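Colleague: input-v6.cif (mmCIF, C-alpha atoms; chains and numbers go by the auth columns) pasted underneath:
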```
data_my_file
loop_
_atom_site.group_PDB
_atom_site.id
_atom_site.type_symbol
_atom_site.label_atom_id
_atom_site.label_comp_id
_atom_site.label_asym_id
_atom_site.label_seq_id
_atom_site.Cartn_x
_atom_site.Cartn_y
_atom_site.Cartn_z
_atom_site.B_iso_or_equiv
_atom_site.auth_seq_id
_atom_site.auth_asym_id
ATOM 1 C CA MET A 1 35.997 98.978 33.677 0.00 1167 A
ATOM 2 C CA ASN A 2 34.658 100.443 36.898 0.00 1168 A
ATOM 3 C CA GLU A 3 35.066 99.152 40.424 0.00 1169 A
ATOM 4 C CA LEU A 4 31.921 98.463 42.466 0.00 1170 A
ATOM 5 C CA GLY A 5 33.815 97.925 45.732 0.00 1171 A
ATOM 6 C CA LEU A 6 31.089 97.671 48.362 0.00 1172 A
ATOM 7 C CA SER A 7 31.070 96.915 52.062 0.00 1173 A
ATOM 8 C CA ILE A 8 28.635 97.087 54.963 0.00 1174 A
ATOM 9 C CA LYS A 9 28.988 99.978 57.401 0.00 1175 A
ATOM 10 C CA ILE A 10 27.362 99.272 60.771 0.00 1176 A
ATOM 11 C CA ILE A 11 26.643 101.924 63.408 0.00 1177 A
ATOM 12 C CA GLN A 12 25.597 100.362 66.692 0.00 1178 A
ATOM 13 C CA GLY A 13 25.597 100.683 70.471 0.00 1179 A
ATOM 14 C CA GLU A 14 26.332 104.205 71.672 0.00 1180 A
ATOM 15 C CA ALA A 15 27.680 105.261 68.292 0.00 1181 A
ATOM 16 C CA SER A 16 25.837 107.459 65.819 0.00 1182 A
ATOM 17 C CA ILE A 17 26.611 109.034 62.482 0.00 1183 A
ATOM 18 C CA GLU A 18 25.271 112.270 61.015 0.00 1184 A
ATOM 19 C CA LEU A 19 24.752 112.419 57.268 0.00 1185 A
ATOM 20 C CA SER A 20 23.338 115.593 55.675 0.00 1186 A
ATOM 21 C CA HIS A 21 22.088 116.770 59.094 0.00 1187 A
ATOM 22 C CA ILE A 22 20.265 113.477 59.794 0.00 1188 A
ATOM 23 C CA SER A 23 21.454 111.340 62.686 0.00 1189 A
ATOM 24 C CA PHE A 24 21.481 107.539 62.429 0.00 1190 A
ATOM 25 C CA GLU A 25 21.877 105.028 65.258 0.00 1191 A
ATOM 26 C CA ASN A 26 21.783 101.219 65.152 0.00 1192 A
ATOM 27 C CA SER A 27 21.902 101.303 61.392 0.00 1193 A
ATOM 28 C CA ALA A 28 23.580 99.520 58.511 0.00 1194 A
ATOM 29 C CA PHE A 29 24.480 101.045 55.172 0.00 1195 A
ATOM 30 C CA ILE A 30 25.871 99.629 51.956 0.00 1196 A
ATOM 31 C CA TRP A 31 28.988 101.747 51.707 0.00 1197 A
ATOM 32 C CA PRO A 32 31.698 102.055 49.046 0.00 1198 A
ATOM 33 C CA THR A 33 35.245 101.063 49.908 0.00 1199 A
ATOM 34 C CA ASP A 34 38.074 103.510 49.265 0.00 1200 A
ATOM 35 C CA LYS A 35 38.731 101.999 45.832 0.00 1201 A
ATOM 36 C CA SER A 36 35.091 102.134 44.721 0.00 1202 A
ATOM 37 C CA ASP A 37 33.998 104.294 41.795 0.00 1203 A
ATOM 38 C CA LEU A 38 30.745 104.970 43.646 0.00 1204 A
ATOM 39 C CA ASN A 39 32.424 107.298 46.168 0.00 1205 A
ATOM 40 C CA PHE A 40 31.811 110.199 43.817 0.00 1206 A
ATOM 41 C CA PHE A 41 28.050 109.797 44.258 0.00 1207 A
ATOM 42 C CA ILE A 42 28.145 109.075 47.986 0.00 1208 A
ATOM 43 C CA ASP A 43 30.200 112.243 48.443 0.00 1209 A
ATOM 44 C CA GLN A 44 27.260 114.089 46.848 0.00 1210 A
ATOM 45 C CA GLY A 45 24.889 113.063 49.618 0.00 1211 A
ATOM 46 C CA ALA A 46 23.627 109.772 48.172 0.00 1212 A
ATOM 47 C CA LEU A 47 22.868 106.485 49.873 0.00 1213 A
ATOM 48 C CA LEU A 48 22.807 103.137 48.095 0.00 1214 A
ATOM 49 C CA VAL A 49 19.389 101.444 48.114 0.00 1215 A
ATOM 50 C CA PRO A 50 19.842 97.741 49.011 0.00 1216 A
ATOM 51 C CA SER A 51 16.535 96.475 47.617 0.00 1217 A
ATOM 52 C CA GLU A 52 17.128 98.148 44.253 0.00 1218 A
ATOM 53 C CA LEU A 53 20.731 96.953 44.047 0.00 1219 A
ATOM 54 C CA GLU A 54 19.491 93.429 44.700 0.00 1220 A
ATOM 55 C CA LYS A 55 17.036 93.627 41.803 0.00 1221 A
ATOM 56 C CA SER A 56 19.865 94.750 39.517 0.00 1222 A
ATOM 57 C CA ILE A 57 21.772 91.517 40.185 0.00 1223 A
ATOM 58 C CA TYR A 58 19.455 89.434 38.101 0.00 1224 A
ATOM 59 C CA SER A 59 18.110 91.523 35.246 0.00 1225 A
ATOM 60 C CA SER A 60 18.325 94.735 33.280 0.00 1226 A
ATOM 61 C CA GLY A 61 15.912 97.493 34.227 0.00 1227 A
ATOM 62 C CA ASP A 62 15.472 100.929 35.757 0.00 1228 A
ATOM 63 C CA TYR A 63 16.416 100.939 39.426 0.00 1229 A
ATOM 64 C CA LEU A 64 16.657 103.660 42.076 0.00 1230 A
ATOM 65 C CA ILE A 65 20.174 102.665 43.110 0.00 1231 A
ATOM 66 C CA PHE A 66 21.017 106.031 44.669 0.00 1232 A
ATOM 67 C CA THR A 67 18.709 108.131 46.777 0.00 1233 A
ATOM 68 C CA ASP A 68 19.033 111.026 49.177 0.00 1234 A
ATOM 69 C CA VAL A 69 20.062 110.432 52.785 0.00 1235 A
ATOM 70 C CA SER A 70 16.462 111.298 53.709 0.00 1236 A
ATOM 71 C CA GLY A 71 15.222 108.442 51.501 0.00 1237 A
ATOM 72 C CA ILE A 72 13.352 110.986 49.349 0.00 1238 A
ATOM 73 C CA ALA A 73 14.855 110.700 45.867 0.00 1239 A
ATOM 74 C CA ASP A 74 13.612 114.077 44.621 0.00 1240 A
ATOM 75 C CA ASP A 75 15.159 115.801 47.633 0.00 1241 A
ATOM 76 C CA GLY A 76 18.635 115.060 46.307 0.00 1242 A
ATOM 77 C CA GLY A 77 17.746 115.073 42.632 0.00 1243 A
ATOM 78 C CA TRP A 78 18.179 111.301 42.252 0.00 1244 A
ATOM 79 C CA ASP A 79 16.448 109.350 39.531 0.00 1245 A
ATOM 80 C CA TYR A 80 16.249 105.783 38.263 0.00 1246 A
ATOM 81 C CA ILE A 81 19.455 104.337 36.824 0.00 1247 A
ATOM 82 C CA LYS A 82 19.178 102.360 33.620 0.00 1248 A
ATOM 83 C CA VAL A 83 20.959 99.058 34.241 0.00 1249 A
ATOM 84 C CA THR A 84 21.747 96.857 31.245 0.00 1250 A
ATOM 85 C CA HIS A 85 23.207 93.345 31.351 0.00 1251 A
ATOM 86 C CA LYS A 86 24.970 92.642 28.055 0.00 1252 A
ATOM 87 C CA ASN A 87 27.973 90.551 26.968 0.00 1253 A
ATOM 88 C CA ASN A 88 28.894 89.738 30.580 0.00 1254 A
ATOM 89 C CA LEU A 89 28.973 93.431 31.454 0.00 1255 A
ATOM 90 C CA ALA A 90 26.635 95.501 33.623 0.00 1256 A
ATOM 91 C CA TYR A 91 26.148 99.058 32.374 0.00 1257 A
ATOM 92 C CA TRP A 92 24.780 101.857 34.553 0.00 1258 A
ATOM 93 C CA GLU A 93 23.490 105.022 32.909 0.00 1259 A
ATOM 94 C CA VAL A 94 23.217 107.690 35.606 0.00 1260 A
ATOM 95 C CA TRP A 95 21.557 111.071 35.048 0.00 1261 A
ATOM 96 C CA PHE A 96 23.642 113.250 37.343 0.00 1262 A
ATOM 97 C CA ASN A 97 23.883 117.040 37.529 0.00 1263 A
ATOM 98 C CA ASN A 98 22.264 117.502 34.107 0.00 1264 A
ATOM 99 C CA SER A 99 24.445 115.035 32.216 0.00 1265 A
ATOM 100 C CA TRP A 100 24.804 111.290 31.675 0.00 1266 A
ATOM 101 C CA VAL A 101 27.485 109.317 33.492 0.00 1267 A
ATOM 102 C CA GLU A 102 28.123 105.733 32.368 0.00 1268 A
ATOM 103 C CA LEU A 103 29.653 103.075 34.594 0.00 1269 A
ATOM 104 C CA VAL A 104 30.603 99.596 33.368 0.00 1270 A
ATOM 105 C CA PHE A 105 31.157 96.570 35.594 0.00 1271 A
ATOM 106 C CA ASP A 106 32.210 92.987 34.926 0.00 1272 A
ATOM 107 C CA LEU A 107 28.860 91.224 35.320 0.00 1273 A
ATOM 108 C CA THR A 108 30.231 88.090 36.987 0.00 1274 A
ATOM 109 C CA LEU A 109 32.097 90.127 39.601 0.00 1275 A
ATOM 110 C CA TYR A 110 29.109 92.469 39.971 0.00 1276 A
ATOM 111 C CA GLN A 111 26.740 89.620 40.744 0.00 1277 A
ATOM 112 C CA LYS A 112 29.188 87.844 43.052 0.00 1278 A
ATOM 113 C CA GLU A 113 29.912 90.976 45.057 0.00 1279 A
ATOM 114 C CA LEU A 114 26.275 92.013 45.399 0.00 1280 A
ATOM 115 C CA ILE A 115 25.142 88.527 46.421 0.00 1281 A
ATOM 116 C CA GLU A 116 27.809 88.552 49.161 0.00 1282 A
ATOM 117 C CA ILE A 117 26.625 91.980 50.344 0.00 1283 A
ATOM 118 C CA MET A 118 22.976 90.860 50.402 0.00 1284 A
ATOM 119 C CA ASN A 119 23.908 87.765 52.372 0.00 1285 A
ATOM 120 C CA GLN A 120 25.698 89.949 54.941 0.00 1286 A
ATOM 121 C CA LEU A 121 22.610 92.144 55.299 0.00 1287 A
ATOM 122 C CA LYS A 122 20.422 89.105 55.954 0.00 1288 A
ATOM 123 C CA VAL A 123 22.369 88.063 59.053 0.00 1289 A
ATOM 124 C CA LEU A 124 22.490 91.457 60.774 0.00 1290 A
ATOM 125 C CA PRO A 125 21.218 91.621 64.378 0.00 1291 A
ATOM 126 C CA LEU A 126 17.494 92.366 64.564 0.00 1292 A
ATOM 127 C CA ASN A 127 18.047 95.766 66.196 0.00 1293 A
ATOM 128 C CA ILE A 128 20.050 97.029 63.224 0.00 1294 A
ATOM 129 C CA ILE A 129 17.979 98.959 60.660 0.00 1295 A
ATOM 130 C CA VAL A 130 19.122 98.777 57.069 0.00 1296 A
ATOM 131 C CA GLN A 131 19.188 102.308 55.637 0.00 1297 A
ATOM 132 C CA PRO A 132 17.541 104.018 53.930 0.00 1298 A
ATOM 133 C CA SER A 133 14.609 102.671 55.929 0.00 1299 A
ATOM 134 C CA GLN A 134 12.155 104.928 54.096 0.00 1300 A
ATOM 135 C CA ILE A 135 12.241 105.007 50.303 0.00 1301 A
ATOM 136 C CA ILE A 136 10.214 107.595 48.411 0.00 1302 A
ATOM 137 C CA PHE A 137 10.637 107.049 44.690 0.00 1303 A
ATOM 138 C CA PRO A 138 10.920 110.021 42.288 0.00 1304 A
ATOM 139 C CA GLU A 139 7.723 111.446 40.846 0.00 1305 A
ATOM 140 C CA MET B 1 13.016 121.065 59.350 0.00 534 B
ATOM 141 C CA ARG B 2 16.517 120.511 58.044 0.00 535 B
ATOM 142 C CA ASP B 3 18.265 122.529 55.350 0.00 536 B
ATOM 143 C CA PRO B 4 18.146 121.158 51.810 0.00 537 B
ATOM 144 C CA ALA B 5 21.238 119.287 50.691 0.00 538 B
ATOM 145 C CA LYS B 6 23.941 121.535 49.282 0.00 539 B
ATOM 146 C CA THR B 7 25.089 119.177 46.577 0.00 540 B
ATOM 147 C CA THR B 8 25.504 119.696 42.862 0.00 541 B
ATOM 148 C CA ASN B 9 22.644 117.323 42.098 0.00 542 B
ATOM 149 C CA ALA B 10 20.055 118.788 44.473 0.00 543 B
ATOM 150 C CA THR B 11 17.764 121.704 43.745 0.00 544 B
ATOM 151 C CA GLN B 12 18.235 124.903 45.732 0.00 545 B
ATOM 152 C CA PHE B 13 15.849 127.717 46.540 0.00 546 B
ATOM 153 C CA ASN B 14 16.382 130.988 44.703 0.00 547 B
ATOM 154 C CA GLN B 15 18.076 133.349 47.145 0.00 548 B
ATOM 155 C CA ASN B 16 15.279 135.896 46.684 0.00 549 B
ATOM 156 C CA VAL B 17 12.653 133.459 47.935 0.00 550 B
ATOM 157 C CA ASN B 18 11.355 133.623 51.500 0.00 551 B
ATOM 158 C CA VAL B 19 11.344 129.895 52.188 0.00 552 B
ATOM 159 C CA LYS B 20 9.743 130.195 55.604 0.00 553 B
ATOM 160 C CA ALA B 21 6.821 132.182 54.154 0.00 554 B
ATOM 161 C CA LEU B 22 6.366 129.692 51.303 0.00 555 B
ATOM 162 C CA ARG B 23 6.393 126.815 53.765 0.00 556 B
ATOM 163 C CA GLY B 24 3.700 128.457 55.837 0.00 557 B
ATOM 164 C CA ASP B 25 1.612 129.159 52.760 0.00 558 B
ATOM 165 C CA MET B 26 1.946 125.611 51.485 0.00 559 B
ATOM 166 C CA ILE B 27 0.758 124.000 54.696 0.00 560 B
ATOM 167 C CA LEU B 28 -2.389 126.170 54.602 0.00 561 B
ATOM 168 C CA ASN B 29 -2.971 126.420 50.851 0.00 562 B
ATOM 169 C CA PHE B 30 -1.501 123.308 49.306 0.00 563 B
ATOM 170 C CA ASP B 31 -2.545 122.014 45.866 0.00 564 B
ATOM 171 C CA ARG B 32 -2.346 118.418 47.043 0.00 565 B
ATOM 172 C CA ALA B 33 -1.494 116.607 50.260 0.00 566 B
ATOM 173 C CA SER B 34 -1.032 112.883 50.735 0.00 567 B
ATOM 174 C CA SER B 35 0.216 110.423 53.308 0.00 568 B
ATOM 175 C CA ASP B 36 2.485 107.482 52.694 0.00 569 B
ATOM 176 C CA ILE B 37 1.315 105.121 55.418 0.00 570 B
ATOM 177 C CA PHE B 38 4.116 102.621 54.874 0.00 571 B
ATOM 178 C CA ASN B 39 6.851 105.252 55.228 0.00 572 B
ATOM 179 C CA HIS B 40 4.934 107.463 57.742 0.00 573 B
ATOM 180 C CA ILE B 41 5.549 110.523 55.593 0.00 574 B
ATOM 181 C CA THR B 42 3.128 113.341 54.732 0.00 575 B
ATOM 182 C CA LYS B 43 3.715 115.112 51.442 0.00 576 B
ATOM 183 C CA TYR B 44 2.504 118.566 50.405 0.00 577 B
ATOM 184 C CA GLU B 45 2.632 119.787 46.809 0.00 578 B
ATOM 185 C CA LYS B 46 2.123 123.237 45.343 0.00 579 B
ATOM 186 C CA LYS B 47 2.892 124.972 42.078 0.00 580 B
ATOM 187 C CA TYR B 48 3.649 128.705 42.200 0.00 581 B
ATOM 188 C CA ASP B 49 3.465 130.897 39.112 0.00 582 B
ATOM 189 C CA PHE B 50 6.984 132.229 39.705 0.00 583 B
ATOM 190 C CA ASN B 51 10.420 130.648 39.846 0.00 584 B
ATOM 191 C CA ILE B 52 11.480 129.557 43.335 0.00 585 B
ATOM 192 C CA SER B 53 14.590 127.663 42.263 0.00 586 B
ATOM 193 C CA ILE B 54 18.069 128.451 41.007 0.00 587 B
ATOM 194 C CA ALA B 55 18.868 129.056 37.350 0.00 588 B
ATOM 195 C CA ASN B 56 19.900 125.545 36.259 0.00 589 B
ATOM 196 C CA THR B 57 16.766 123.941 37.731 0.00 590 B
ATOM 197 C CA PRO B 58 14.022 126.554 37.147 0.00 591 B
ATOM 198 C CA SER B 59 10.743 125.574 38.784 0.00 592 B
ATOM 199 C CA GLY B 60 7.676 126.941 40.509 0.00 593 B
ATOM 200 C CA ASP B 61 6.923 123.550 42.062 0.00 594 B
ATOM 201 C CA MET B 62 7.602 123.045 45.743 0.00 595 B
ATOM 202 C CA ARG B 63 7.433 119.949 47.906 0.00 596 B
ATOM 203 C CA ILE B 64 7.317 119.501 51.658 0.00 597 B
ATOM 204 C CA PHE B 65 7.859 116.082 53.201 0.00 598 B
ATOM 205 C CA ILE B 66 6.990 115.756 56.885 0.00 599 B
ATOM 206 C CA ASN B 67 8.764 112.746 58.337 0.00 600 B
ATOM 207 C CA ASN B 68 6.440 111.839 61.213 0.00 601 B
ATOM 208 C CA PRO B 69 8.680 109.376 63.116 0.00 602 B
ATOM 209 C CA LYS B 70 11.785 111.509 62.553 0.00 603 B
ATOM 210 C CA PRO B 71 10.786 115.199 62.363 0.00 604 B
ATOM 211 C CA ALA B 72 14.385 116.358 62.034 0.00 605 B
ATOM 212 C CA ALA B 73 14.503 114.602 58.670 0.00 606 B
ATOM 213 C CA SER B 74 11.561 116.612 57.307 0.00 607 B
ATOM 214 C CA ILE B 75 12.452 118.675 54.272 0.00 608 B
ATOM 215 C CA ASN B 76 11.209 121.231 51.767 0.00 609 B
ATOM 216 C CA PHE B 77 12.701 121.863 48.345 0.00 610 B
ATOM 217 C CA PRO B 78 11.923 123.145 44.839 0.00 611 B
ATOM 218 C CA TYR B 79 10.799 120.192 42.743 0.00 612 B
ATOM 219 C CA TYR B 80 12.510 119.797 39.405 0.00 613 B
ATOM 220 C CA PRO B 81 11.852 116.564 37.472 0.00 614 B
ATOM 221 C CA ARG B 82 15.000 114.661 36.517 0.00 615 B
ATOM 222 C CA ASN B 83 13.547 111.999 34.281 0.00 616 B
ATOM 223 C CA ARG B 84 13.806 114.073 31.142 0.00 617 B
ATOM 224 C CA LYS B 85 15.519 111.544 28.892 0.00 618 B
ATOM 225 C CA GLN B 86 17.701 113.338 26.373 0.00 619 B
#
```
Using structure tokens, write down the structure that the file contains.
Modeller:
Amino acid sequence: MNELGLSIKIIQGEASIELSHISFENSAFIWPTDKSDLNFFIDQGALLVPSELEKSIYSSGDYLIFTDVSGIADDGGWDYIKVTHKNNLAYWEVWFNNSWVELVFDLTLYQKELIEIMNQLKVLPLNIIVQPSQIIFPE
Amino acid sequence: MRDPAKTTNATQFNQNVNVKALRGDMILNFDRASSDIFNHITKYEKKYDFNISIANTPSGDMRIFINNPKPAASINFPYYPRNRKQ
């Protein structure tokens, strides 16, 4: 079983962060904790897409869960992830670096954790931009 | 324009390709250009009849994305489709 392990990273005030040569200020990101199995993808220049993660809470489908730091999926080679809800498990099938990677999460924990994350995003100060602010889906 | 990501999942230009020259050619002689009004991004597309990418993602397709509100985030890269279900 894989660990989702998500948190909210907020950059605000005078602070900024540079990811893949792009600077971000007054921004919030869904970010994996140290124990998360998603760190592997984030280390490869990915950002988690909040709106797509939210859709995956409620139903199976193809969702752009990872995209490039620029928000342009094809820039980083990111594609839709096939998410399947079955037998109280959430399966992710990720096409990464020319091969399939499968992640499996406990569905109850998956939904609980993502709902908490989405609720945190909803109460952010108005000057904080949830990233990626621009989302260009793959061709 | 920033450098393409140097990650295992991203496409890279073939080292024999003059990226600056291709970029200049694309802006003048694109196959297709479009604007995403919601995201404020202009996209240029062109297909060359030679490989511009590295060996594991061979492609003659190139894309340029001009990020109008954030020019430093603009990017060009060889386009290689990933949604080839196997």
Colleague: Find the residues of chain A in contact range of chain B, meaning any atom within 12 Å when counting all atoms listed in the file, and list them as a PDB file with C-alpha atoms, keeping the file's coordinate frame.
Modeller:
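This went into selection_8.pdb:
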```
ATOM      1  CA  GLU A1184      25.271 112.270  61.015  1.00  0.00           C
ATOM      2  CA  LEU A1185      24.752 112.419  57.268  1.00  0.00           C
ATOM      3  CA  SER A1186      23.338 115.593  55.675  1.00  0.00           C
ATOM      4  CA  HIS A1187      22.088 116.770  59.094  1.00  0.00           C
ATOM      5  CA  ILE A1188      20.265 113.477  59.794  1.00  0.00           C
ATOM      6  CA  SER A1189      21.454 111.340  62.686  1.00  0.00           C
ATOM      7  CA  PHE A1190      21.481 107.539  62.429  1.00  0.00           C
ATOM      8  CA  PHE A1206      31.811 110.199  43.817  1.00  0.00           C
ATOM      9  CA  PHE A1207      28.050 109.797  44.258  1.00  0.00           C
ATOM     10  CA  ILE A1208      28.145 109.075  47.986  1.00  0.00           C
ATOM     11  CA  ASP A1209      30.200 112.243  48.443  1.00  0.00           C
ATOM     12  CA  GLN A1210      27.260 114.089  46.848  1.00  0.00           C
ATOM     13  CA  GLY A1211      24.889 113.063  49.618  1.00  0.00           C
ATOM     14  CA  ALA A1212      23.627 109.772  48.172  1.00  0.00           C
ATOM     15  CA  ASP A1228      15.472 100.929  35.757  1.00  0.00           C
ATOM     16  CA  LEU A1230      16.657 103.660  42.076  1.00  0.00           C
ATOM     17  CA  PHE A1232      21.017 106.031  44.669  1.00  0.00           C
ATOM     18  CA  THR A1233      18.709 108.131  46.777  1.00  0.00           C
ATOM     19  CA  ASP A1234      19.033 111.026  49.177  1.00  0.00           C
ATOM     20  CA  VAL A1235      20.062 110.432  52.785  1.00  0.00           C
ATOM     21  CA  SER A1236      16.462 111.298  53.709  1.00  0.00           C
ATOM     22  CA  GLY A1237      15.222 108.442  51.501  1.00  0.00           C
ATOM     23  CA  ILE A1238      13.352 110.986  49.349  1.00  0.00           C
ATOM     24  CA  ALA A1239      14.855 110.700  45.867  1.00  0.00           C
ATOM     25  CA  ASP A1240      13.612 114.077  44.621  1.00  0.00           C
ATOM     26  CA  ASP A1241      15.159 115.801  47.633  1.00  0.00           C
ATOM     27  CA  GLY A1242      18.635 115.060  46.307  1.00  0.00           C
ATOM     28  CA  GLY A1243      17.746 115.073  42.632  1.00  0.00           C
ATOM     29  CA  TRP A1244      18.179 111.301  42.252  1.00  0.00           C
ATOM     30  CA  ASP A1245      16.448 109.350  39.531  1.00  0.00           C
ATOM     31  CA  TYR A1246      16.249 105.783  38.263  1.00  0.00           C
ATOM     32  CA  ILE A1247      19.455 104.337  36.824  1.00  0.00           C
ATOM     33  CA  LYS A1248      19.178 102.360  33.620  1.00  0.00           C
ATOM     34  CA  GLU A1259      23.490 105.022  32.909  1.00  0.00           C
ATOM     35  CA  VAL A1260      23.217 107.690  35.606  1.00  0.00           C
ATOM     36  CA  TRP A1261      21.557 111.071  35.048  1.00  0.00           C
ATOM     37  CA  PHE A1262      23.642 113.250  37.343  1.00  0.00           C
ATOM     38  CA  ASN A1263      23.883 117.040  37.529  1.00  0.00           C
ATOM     39  CA  ASN A1264      22.264 117.502  34.107  1.00  0.00           C
ATOM     40  CA  SER A1265      24.445 115.035  32.216  1.00  0.00           C
ATOM     41  CA  TRP A1266      24.804 111.290  31.675  1.00  0.00           C
ATOM     42  CA  PRO A1298      17.541 104.018  53.930  1.00  0.00           C
ATOM     43  CA  SER A1299      14.609 102.671  55.929  1.00  0.00           C
ATOM     44  CA  GLN A1300      12.155 104.928  54.096  1.00  0.00           C
ATOM     45  CA  ILE A1301      12.241 105.007  50.303  1.00  0.00           C
ATOM     46  CA  ILE A1302      10.214 107.595  48.411  1.00  0.00           C
ATOM     47  CA  PHE A1303      10.637 107.049  44.690  1.00  0.00           C
ATOM     48  CA  PRO A1304      10.920 110.021  42.288  1.00  0.00           C
ATOM     49  CA  GLU A1305       7.723 111.446  40.846  1.00  0.00           C
TER      50      GLU A1305
END
```
Colleague: Record the distance separating CA of Asn1253 in chain A and CA of Trp1197 in chain A, expressed in Å with one decimal.
Modeller: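 Straight-line distance from CA of Asn1253 in chain A to CA of Trp1197 in chain A works out to 27.2 Å.
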Colleague: For Leu1290 in chain A, work out the shell of residues within 10 Å, counting all atoms listed in the file and skipping chain neighbours fewer than 4 positions away, then give it as a list in words.
Modeller: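 Using all atoms listed in the file, the neighbours found are Ile1176, Ser1193, Ala1194, Asn1285, Gln1286, Ile1294, Ile1295 and Val1296 of chain A.
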Colleague: Find the residues around Met1284 in chain A up to 8 Å (only C-alpha atoms counted), leave out those fewer than 4 positions away in its own chain, and share them as a ChimeraX atom specification.
Modeller: /A:1216,1220,1280,1288
Colleague: Just to confirm, what's the straight-line distance from CA of Ile1281 in chain A to CA of Leu1214 in chain A in Å (one decimal)?
Modeller: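 Rounded to one decimal, the two atoms are 14.9 Å apart.
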Colleague: Would you work out the distance separating CA of Leu561 in chain B from CA of Phe583 in chain B, expressed in Å to one decimal?
Modeller: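 Atom-to-atom, CA of Leu561 in chain B to CA of Phe583 in chain B, that is 18.6 Å.
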Colleague: Hey, which of A:Asn1168, A:Asn1254, A:Thr1274, A:Ser1225 ends up closest to Ser1202 in chain A? Count only C-alpha atoms.
Modeller: A:Asn1168
Colleague: Given all atoms listed in the file as the basis, pick out the residue of A:Ile1231, A:Leu1287, A:Leu1204, A:Leu1172 nearest to Leu1275 in chain A.
Modeller: A:Leu1172
Colleague: Find, counting all atoms listed in the file, the residue in B:Met595, B:Asn547, B:Asn601, B:Ile587 that gets nearest to Ile560 in chain B.
Modeller: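 Of B:Met595, B:Asn547, B:Asn601, B:Ile587, the one nearest Ile560 in chain B, counting all atoms listed in the file, is B:Met595.
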Colleague: Taking 3 positions as the minimum chain separation for residues in the same chain, which residues sit within 6 Å of Gly593 in chain B when counting only C-alpha atoms? Answer as a list in words.
Modeller: Lys580, Tyr581, Asp582, Phe583, Asn584 and Ile585 of chain B
Colleague: Could you tell me, as a list in words, exactly which residues end up selected when the PyMOL selection byres ((chain A and resi 1268) around 6) is applied to this structure?
Modeller: Trp1258, Glu1259, Val1267 and Leu1269 of chain A
